[in-house]
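Enquirer: Please find model01.cif (mmCIF, C-alpha atoms) on the next line:
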data_protein
loop_
_atom_site.label_atom_id
_atom_site.label_comp_id
_atom_site.auth_asym_id
_atom_site.auth_seq_id
_atom_site.Cartn_x
_atom_site.Cartn_y
_atom_site.Cartn_z
CA MET A 1 -16.92 31.37 7.74
CA SER A 2 -20.35 30.31 6.57
CA ARG A 3 -20.91 29.22 2.96
CA ASP A 4 -22.95 32.33 2.11
CA ARG A 5 -20.12 34.67 2.97
CA ARG A 6 -17.57 33.03 0.69
CA ALA A 7 -16.26 35.16 -2.16
CA PRO A 8 -17.92 34.23 -5.48
CA LEU A 9 -15.81 32.15 -7.83
CA PRO A 10 -14.61 33.99 -10.95
CA MET A 11 -16.59 33.47 -14.14
CA ILE A 12 -14.86 31.30 -16.73
CA ALA A 13 -16.11 32.96 -19.91
CA GLY A 14 -16.41 36.43 -18.39
CA ARG A 15 -19.46 38.64 -18.32
CA ASN A 16 -21.63 39.22 -21.40
CA CYS A 17 -20.23 36.14 -23.19
CA GLU A 18 -16.88 37.72 -24.03
CA ASP A 19 -15.58 34.41 -25.41
CA SER A 20 -17.40 32.47 -28.10
CA VAL A 21 -18.55 28.98 -27.20
CA PRO A 22 -15.99 26.34 -28.25
CA GLU A 23 -17.03 23.64 -30.71
CA TYR A 24 -17.11 19.99 -29.73
CA LYS A 25 -13.84 19.45 -31.64
CA ASN A 26 -12.10 21.97 -29.38
CA PHE A 27 -12.39 19.66 -26.41
CA GLU A 28 -9.39 21.09 -24.57
CA ALA A 29 -11.22 24.42 -24.31
CA LEU A 30 -14.38 22.64 -23.20
CA LYS A 31 -12.56 20.94 -20.34
CA LYS A 32 -12.38 24.17 -18.35
CA PHE A 33 -16.19 24.27 -18.21
CA LEU A 34 -16.34 20.91 -16.43
CA ASN A 35 -15.78 20.19 -12.77
CA GLY A 36 -13.83 17.23 -11.37
CA SER A 37 -16.75 14.90 -11.95
CA ALA A 38 -17.07 16.04 -15.60
CA GLN A 39 -20.28 17.94 -14.88
CA ILE A 40 -20.97 21.18 -16.74
CA TYR A 41 -20.72 24.31 -14.61
CA SER A 42 -23.81 26.44 -14.18
CA ARG A 43 -24.40 29.76 -15.91
CA LYS A 44 -23.50 31.49 -12.66
CA ARG A 45 -20.03 29.99 -12.89
CA THR A 46 -19.45 30.10 -16.66
CA GLY A 47 -20.81 33.60 -17.16
CA TYR A 48 -22.59 32.65 -20.38
CA CYS A 49 -26.02 33.90 -21.40
CA CYS A 50 -28.88 31.43 -21.85
CA GLN A 51 -28.23 30.78 -25.54
CA CYS A 52 -24.47 30.36 -25.11
CA GLN A 53 -24.97 28.03 -22.14
CA LYS A 54 -27.23 25.87 -24.30
CA ALA A 55 -24.59 25.86 -27.05
CA LEU A 56 -21.99 24.86 -24.45
CA LYS A 57 -24.19 22.03 -23.23
CA GLN A 58 -24.65 20.78 -26.80
CA ALA A 59 -20.91 20.97 -27.51
CA VAL A 60 -20.03 19.05 -24.35
CA LYS A 61 -22.62 16.38 -25.13
CA ARG A 62 -21.26 15.97 -28.64
CA ALA A 63 -17.70 15.76 -27.34
CA ARG A 64 -18.80 13.09 -24.87
CA HIS A 65 -20.51 11.10 -27.61
CA VAL A 66 -17.35 10.82 -29.71
CA GLY A 67 -15.13 10.04 -26.73
CA PHE A 68 -13.29 13.34 -26.37
CA LEU A 69 -14.70 13.99 -22.91
CA PRO A 70 -15.83 11.57 -20.22
CA PHE A 71 -19.41 11.24 -19.01
CA VAL A 72 -18.20 10.77 -15.44
CA GLY A 73 -14.86 12.12 -14.26
CA MET B 1 -31.38 17.27 -38.08
CA GLU B 2 -31.74 15.74 -41.50
CA GLY B 3 -32.17 17.48 -44.83
CA GLU B 4 -35.10 17.25 -47.15
CA PRO B 5 -35.31 14.27 -49.51
CA GLY B 6 -33.86 14.96 -52.94
CA ASN B 7 -32.02 18.18 -52.06
CA LEU B 8 -28.34 17.79 -51.36
CA THR B 9 -27.34 19.01 -47.92
CA LEU B 10 -23.85 19.53 -46.59
CA TYR B 11 -22.94 17.45 -43.56
CA GLU B 12 -19.96 17.25 -41.26
CA GLY B 13 -19.12 13.79 -40.07
CA MET B 14 -16.74 12.73 -37.32
CA PHE B 15 -15.97 9.02 -37.58
CA LEU B 16 -14.05 6.95 -35.07
CA LEU B 17 -12.11 4.33 -37.00
CA ASP B 18 -10.69 1.15 -35.59
CA ASN B 19 -6.89 1.47 -35.31
CA ALA B 20 -6.44 -2.06 -36.64
CA VAL B 21 -7.84 -0.90 -40.01
CA VAL B 22 -5.71 2.27 -39.94
CA ARG B 23 -2.57 0.24 -39.28
CA GLU B 24 -3.20 -1.80 -42.43
CA ASP B 25 -3.63 1.16 -44.75
CA TRP B 26 -4.86 4.68 -44.16
CA LYS B 27 -6.41 5.00 -47.63
CA LYS B 28 -8.41 1.84 -47.07
CA ALA B 29 -9.59 3.20 -43.75
CA LYS B 30 -10.71 6.43 -45.41
CA ALA B 31 -12.44 4.43 -48.11
CA VAL B 32 -14.62 2.74 -45.49
CA VAL B 33 -16.40 6.06 -44.93
CA SER B 34 -16.23 7.46 -48.46
CA ASP B 35 -17.57 4.22 -49.99
CA ALA B 36 -20.46 4.19 -47.55
CA VAL B 37 -21.31 7.80 -48.42
CA LEU B 38 -21.08 7.10 -52.16
CA LYS B 39 -23.21 3.99 -51.82
CA HIS B 40 -26.09 6.03 -50.43
CA GLY B 41 -26.00 8.78 -53.04
CA GLY B 42 -23.63 11.22 -51.36
CA ALA B 43 -20.36 12.82 -52.37
CA VAL B 44 -17.39 13.42 -50.08
CA GLN B 45 -16.07 16.99 -50.37
CA THR B 46 -13.13 16.79 -47.99
CA SER B 47 -11.90 14.24 -45.51
CA ARG B 48 -8.84 14.21 -43.30
CA ARG B 49 -7.33 12.53 -40.29
CA PHE B 50 -8.41 14.68 -37.36
CA ASP B 51 -6.51 12.93 -34.58
CA GLU B 52 -5.44 9.63 -33.10
CA ARG B 53 -5.97 9.60 -29.38
CA ARG B 54 -6.94 7.72 -26.30
CA LEU B 55 -10.69 7.66 -25.78
CA ALA B 56 -12.21 9.15 -22.64
CA TYR B 57 -14.03 5.84 -22.13
CA THR B 58 -13.99 2.43 -23.77
CA ILE B 59 -16.00 2.16 -26.99
CA ARG B 60 -16.65 -1.34 -28.36
CA GLY B 61 -13.77 -2.65 -26.24
CA LYS B 62 -11.23 -0.19 -27.71
CA ASN B 63 -9.27 2.36 -25.74
CA ARG B 64 -7.81 4.24 -28.72
CA ALA B 65 -9.20 5.27 -32.09
CA THR B 66 -8.41 7.39 -35.13
CA TYR B 67 -10.76 10.28 -35.85
CA LEU B 68 -11.72 11.01 -39.44
CA LEU B 69 -13.35 14.35 -40.12
CA ALA B 70 -15.27 14.46 -43.40
CA TYR B 71 -17.56 16.94 -45.12
CA PHE B 72 -19.99 15.41 -47.56
CA GLU B 73 -23.12 16.27 -49.49
CA MET B 74 -26.07 13.96 -49.36
CA GLY B 75 -29.81 13.94 -49.82
CA GLY B 76 -31.92 13.58 -46.72
CA ASP B 77 -33.35 10.25 -47.89
CA GLY B 78 -29.91 8.59 -47.98
CA LEU B 79 -28.91 9.54 -44.46
CA PRO B 80 -30.89 6.94 -42.48
CA ALA B 81 -29.45 4.18 -44.66
CA LEU B 82 -25.94 5.57 -44.14
CA ARG B 83 -26.48 5.69 -40.39
CA ARG B 84 -27.70 2.09 -40.41
CA GLU B 85 -24.64 0.94 -42.34
CA LEU B 86 -22.27 2.78 -39.99
CA GLU B 87 -24.00 1.28 -36.97
CA LEU B 88 -23.46 -2.22 -38.37
CA SER B 89 -19.87 -1.62 -39.50
CA GLU B 90 -17.22 -3.10 -37.23
CA ARG B 91 -14.55 -0.76 -38.59
CA VAL B 92 -16.39 2.40 -37.55
CA LEU B 93 -16.57 2.48 -33.76
CA ARG B 94 -18.79 5.56 -33.54
CA TYR B 95 -19.87 8.50 -35.66
CA LEU B 96 -21.38 11.94 -35.34
CA ILE B 97 -23.10 13.56 -38.32
CA LEU B 98 -24.08 17.23 -38.18
CA ARG B 99 -25.65 19.53 -40.73
CA VAL B 100 -23.42 22.53 -41.58
CA GLU B 101 -23.78 25.58 -43.75
CA GLN B 102 -20.35 25.52 -45.38
CA ILE B 103 -16.96 23.87 -45.18
CA PRO B 104 -14.52 25.90 -43.03
CA ALA B 105 -11.62 27.25 -45.08
CA PRO B 106 -8.89 25.71 -42.86
CA GLU B 107 -10.45 22.29 -43.33
CA ILE B 108 -10.04 22.49 -47.12
CA GLU B 109 -6.38 23.43 -46.74
CA LEU B 110 -5.71 20.68 -44.21
CA ALA B 111 -7.41 18.08 -46.39
CA GLN B 112 -5.36 19.19 -49.40
CA ALA B 113 -2.17 18.95 -47.34
CA GLU B 114 -3.04 15.40 -46.37
CA ASN B 115 -3.70 14.40 -49.98
CA ALA B 116 -0.40 15.90 -51.15
CA GLU B 117 2.56 13.72 -52.03
CA GLY B 118 4.88 12.81 -49.20
CA PHE B 119 2.30 13.02 -46.44
CA VAL B 120 2.76 10.09 -44.12
CA VAL B 121 0.11 9.10 -41.61
CA PRO B 122 1.77 8.02 -38.36
CA THR B 123 1.12 4.44 -37.35
CA PRO B 124 -1.29 4.30 -34.40
CA PRO B 125 0.16 2.84 -31.20
CA GLN B 126 -1.17 -0.30 -29.57
CA ASP B 127 -4.46 -0.11 -27.74
CA ASP B 128 -2.95 -0.50 -24.28
CA VAL B 129 -0.31 2.24 -24.61
CA ILE B 130 -0.67 4.92 -21.94
CA GLU B 131 0.30 8.43 -22.97
CA PRO B 132 2.85 10.18 -20.77
CA GLU B 133 0.37 12.87 -19.73
CA ALA B 134 -2.14 10.23 -18.67
CA ALA B 135 0.41 8.31 -16.60
CA ALA B 136 -0.15 8.37 -12.85
CA PRO B 137 2.06 10.90 -11.00
CA VAL B 138 4.86 9.54 -8.89
CA GLN B 139 3.66 9.40 -5.33
CA GLU B 140 5.92 10.87 -2.69
CA THR B 141 6.60 8.56 0.19
CA VAL B 142 6.53 9.63 3.83
CA GLU B 143 10.30 9.04 4.07
CA ASP B 144 10.89 11.49 1.20
CA MET B 145 8.69 14.09 2.86
CA LEU B 146 10.51 13.66 6.16
CA ALA B 147 13.84 14.03 4.39
CA GLU B 148 12.67 17.27 2.79
CA GLY B 149 11.54 18.58 6.19
CA GLU B 150 7.85 18.85 5.32
CA PHE B 151 6.91 17.01 8.48
CA VAL B 152 8.01 18.23 11.89
CA GLU B 153 8.25 15.61 14.56
CA GLU B 154 5.49 16.10 17.12
CA ARG B 155 6.83 17.12 20.51
CA PRO B 156 4.96 16.26 23.70
CA ARG B 157 3.25 19.20 25.38
CA GLY B 158 1.69 19.87 28.80
CA ARG B 159 1.48 16.89 31.16
CA ARG B 160 2.93 14.58 28.53
CA ALA B 161 6.00 16.83 28.35
CA GLU B 162 6.35 16.80 32.16
CA LYS B 163 6.11 12.99 32.28
CA ALA B 164 8.63 12.69 29.46
CA ALA B 165 11.00 14.96 31.35
CA GLU B 166 10.63 12.85 34.51
CA VAL B 167 11.36 9.61 32.68
CA ALA B 168 14.33 11.01 30.82
CA PRO B 169 17.55 11.20 32.85
#
Take the structure I supplied and represent it as structure tokens, if you would.
Expert:
Amino acid sequence: MSRDRRAPLPMIAGRNCEDSVPEYKNFEALKKFLNGSAQIYSRKRTGYCCQCQKALKQAVKRARHVGFLPFVG
Amino acid sequence: MEGEPGNLTLYEGMFLLDNAVVREDWKKAKAVVSDAVLKHGGAVQTSRRFDERRLAYTIRGKNRATYLLAYFEMGGDGLPALRRELELSERVLRYLILRVEQIPAPEIELAQAENAEGFVVPTPPQDDVIEPEAAAPVQETVEDMLAEGEFVEERPRGRRAEKAAEVAP
């Protein structure tokens, strides 16, 4: 089966930002928004709106700075 | 983002403390941060031990650290000096200072619980201790998998099967 015909992966946060964005201190919740290489998933995958995705990015970067999350998985 | 000079602004600070200092005395370790804040014209509102954990990557040659979460008020002019002091301190491995609107209610309760009589801070483990969850999983050997029947021995097919049948008595 070609790549285009694969079923889309489920959104992590759900549509319309059902879940609030975790803080940097809640690093266990942030882990589910990272892939195996510790990269942040895209909006398509997380399901967050633009503002929430930016908040997620900021939280992950803060968690990385204080050593809760790795920069590279 | 830093506050205006003169006006007191509430900040949240996450400080990574060296476990060697924490092992000596927790109050002394807390005083490292609170003294630095006081020195630069601030006032600590609450501070508590957030966690002691293995770091995701090595910071200043340390694999583990104790996290101190503090809320303090300070004027914007004192913050650069505080940052400079924390950068130079060998007891603070890393810090993160954020401006916040108010102290969360659970934080006040947790800080009060820590300051209460009878609260004992657990001694941090050695730097090279690996937590059970971080330990590498036991790898299954091929013999184990064969014993469990996960592998099926490959049987010759086609011409190979015919040749094998000829050779065998």
Enquirer: Which chain B residues are at most 9 Å from chain A (counting all atoms listed in the file), as a ChimeraX atom specification?
Expert: /B:14-16,53-59,94-96
Enquirer: Check the smallest atom-to-atom distance from each of B:Thr9, B:Asn19, B:Ser34, B:Gln45 to B:Leu86 using only C-alpha atoms, then report the winner.
Expert: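 Closest to B:Leu86 of all the choices is B:Ser34.
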Enquirer: Compare B:Val92, B:Ala70, B:Leu98, B:Ala65 by their minimum atom-to-atom distance to B:Asp51, counting only C-alpha atoms, and give me the closest one.
Expert: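 Among B:Val92, B:Ala70, B:Leu98, B:Ala65, it is B:Ala65 that comes nearest to B:Asp51.
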Enquirer: The PyMOL selection byres ((chain B and resi 108) around 12) on the file shown: which residues, as a list of chain:residue names?
Expert: B:Gln45, B:Thr46, B:Ser47, B:Arg48, B:Leu69, B:Ala70, B:Tyr71, B:Gln102, B:Ile103, B:Pro104, B:Ala105, B:Pro106, B:Glu107, B:Glu109, B:Leu110, B:Ala111, B:Gln112, B:Ala113, B:Glu114, B:Asn115
Enquirer: Just the residues within 8 Å of stretch 32-35 of chain A, please, counting all atoms listed in the file, with nothing from its chain fewer than 4 positions along; format it as a list in words.
Expert: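 So the residues in contact are Ile12, Glu28, Gln39, Ile40, Tyr41 and Thr46 of chain A.
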Enquirer: Could the residues in this selection be saved with C-alpha atoms as a PDB file, in the frame of the given file?
Expert:
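The resulting file, again29.pdb, is shown below:
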ATOM      1  CA  ILE A  12     -14.860  31.300 -16.730  1.00  0.00           C
ATOM      2  CA  GLU A  28      -9.390  21.090 -24.570  1.00  0.00           C
ATOM      3  CA  GLN A  39     -20.280  17.940 -14.880  1.00  0.00           C
ATOM      4  CA  ILE A  40     -20.970  21.180 -16.740  1.00  0.00           C
ATOM      5  CA  TYR A  41     -20.720  24.310 -14.610  1.00  0.00           C
ATOM      6  CA  THR A  46     -19.450  30.100 -16.660  1.00  0.00           C
TER       7      THR A  46
END
Enquirer: Expressed in Å to a single decimal, how great is the separation between atom CA of B:Arg91 and atom CA of B:Glu73?
Expert: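 Interatomic distance, atom CA of B:Arg91 to atom CA of B:Glu73: 22.0 Å.
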Enquirer: Enumerate, as a ChimeraX atom specification, the residues matched when the PyMOL selection byres ((chain A and resi 21-24) around 9) is run on the file above.
Expert: /A:13,17,19-20,25-27,29-30,48,52-53,55-56,58-64,68
Enquirer: Generate the output file for the selected residues, C-alpha atoms, as a short mmCIF file (atom, residue, chain, number, x, y, z; two decimals), in the frame of the given file.
Expert:
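Below you can see part_19.cif, which holds the result:
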data_model
loop_
_atom_site.label_atom_id
_atom_site.label_comp_id
_atom_site.auth_asym_id
_atom_site.auth_seq_id
_atom_site.Cartn_x
_atom_site.Cartn_y
_atom_site.Cartn_z
CA ALA A 13 -16.11 32.96 -19.91
CA CYS A 17 -20.23 36.14 -23.19
CA ASP A 19 -15.58 34.41 -25.41
CA SER A 20 -17.40 32.47 -28.10
CA LYS A 25 -13.84 19.45 -31.64
CA ASN A 26 -12.10 21.97 -29.38
CA PHE A 27 -12.39 19.66 -26.41
CA ALA A 29 -11.22 24.42 -24.31
CA LEU A 30 -14.38 22.64 -23.20
CA TYR A 48 -22.59 32.65 -20.38
CA CYS A 52 -24.47 30.36 -25.11
CA GLN A 53 -24.97 28.03 -22.14
CA ALA A 55 -24.59 25.86 -27.05
CA LEU A 56 -21.99 24.86 -24.45
CA GLN A 58 -24.65 20.78 -26.80
CA ALA A 59 -20.91 20.97 -27.51
CA VAL A 60 -20.03 19.05 -24.35
CA LYS A 61 -22.62 16.38 -25.13
CA ARG A 62 -21.26 15.97 -28.64
CA ALA A 63 -17.70 15.76 -27.34
CA ARG A 64 -18.80 13.09 -24.87
CA PHE A 68 -13.29 13.34 -26.37
#
Enquirer: For a test of reading the model, state the distance in Å between atom CA of B:Leu38 and atom CA of B:Glu24, rounded to one decimal.
Expert: 22.2 Å
Enquirer: Quick one: pull the distance between atom CA of B:Gln126 and atom CA of B:Val21, Å, one decimal.
Expert: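 Computed distance, atom CA of B:Gln126 to atom CA of B:Val21, equals 12.4 Å.
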Enquirer: Excluding same-chain residues fewer than 6 positions from B:Met74, what lies within 7 Å of it counting all atoms listed in the file, as JSON, numbers by chain?
Expert: {"B": [8, 9, 10, 41, 42, 43]}
Enquirer: I need the residues from that last selection saved to file as a PDB file, in the coordinates of the input (with C-alpha atoms), if you can.
Expert:
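In the end it all went to part.pdb:
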ATOM      1  CA  LEU B   8     -28.340  17.790 -51.360  1.00  0.00           C
ATOM      2  CA  THR B   9     -27.340  19.010 -47.920  1.00  0.00           C
ATOM      3  CA  LEU B  10     -23.850  19.530 -46.590  1.00  0.00           C
ATOM      4  CA  GLY B  41     -26.000   8.780 -53.040  1.00  0.00           C
ATOM      5  CA  GLY B  42     -23.630  11.220 -51.360  1.00  0.00           C
ATOM      6  CA  ALA B  43     -20.360  12.820 -52.370  1.00  0.00           C
TER       7      ALA B  43
END
Enquirer: Could you rebuild stretch 90-102 of chain B with N, CA and C atoms and give me the result as a short mmCIF file (atom, residue, chain, number, x, y, z; two decimals), in the frame of the given file?
Expert:
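To be explicit, this is the file written out as out_35.cif:
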data_model
loop_
_atom_site.label_atom_id
_atom_site.label_comp_id
_atom_site.auth_asym_id
_atom_site.auth_seq_id
_atom_site.Cartn_x
_atom_site.Cartn_y
_atom_site.Cartn_z
N GLU B 90 -18.12 -2.82 -38.35
CA GLU B 90 -17.22 -3.10 -37.23
C GLU B 90 -15.99 -2.21 -37.28
N ARG B 91 -15.75 -1.59 -38.43
CA ARG B 91 -14.55 -0.76 -38.59
C ARG B 91 -14.80 0.67 -38.11
N VAL B 92 -16.04 1.07 -38.08
CA VAL B 92 -16.39 2.40 -37.55
C VAL B 92 -16.93 2.20 -36.13
N LEU B 93 -16.18 2.70 -35.16
CA LEU B 93 -16.57 2.48 -33.76
C LEU B 93 -17.75 3.37 -33.38
N ARG B 94 -17.72 4.61 -33.86
CA ARG B 94 -18.79 5.56 -33.54
C ARG B 94 -18.75 6.69 -34.57
N TYR B 95 -19.83 7.39 -34.70
CA TYR B 95 -19.87 8.50 -35.66
C TYR B 95 -20.76 9.61 -35.12
N LEU B 96 -20.55 10.79 -35.67
CA LEU B 96 -21.38 11.94 -35.34
C LEU B 96 -21.57 12.72 -36.63
N ILE B 97 -22.81 12.84 -37.07
CA ILE B 97 -23.10 13.56 -38.32
C ILE B 97 -23.92 14.80 -37.98
N LEU B 98 -23.43 15.95 -38.44
CA LEU B 98 -24.08 17.23 -38.18
C LEU B 98 -24.31 17.96 -39.49
N ARG B 99 -25.37 18.72 -39.54
CA ARG B 99 -25.65 19.53 -40.73
C ARG B 99 -24.89 20.85 -40.58
N VAL B 100 -24.18 21.26 -41.62
CA VAL B 100 -23.42 22.53 -41.58
C VAL B 100 -23.78 23.37 -42.79
N GLU B 101 -23.48 24.65 -42.66
CA GLU B 101 -23.78 25.58 -43.75
C GLU B 101 -22.72 25.54 -44.84
N GLN B 102 -21.45 25.52 -44.41
CA GLN B 102 -20.35 25.52 -45.38
C GLN B 102 -19.12 24.85 -44.77
#
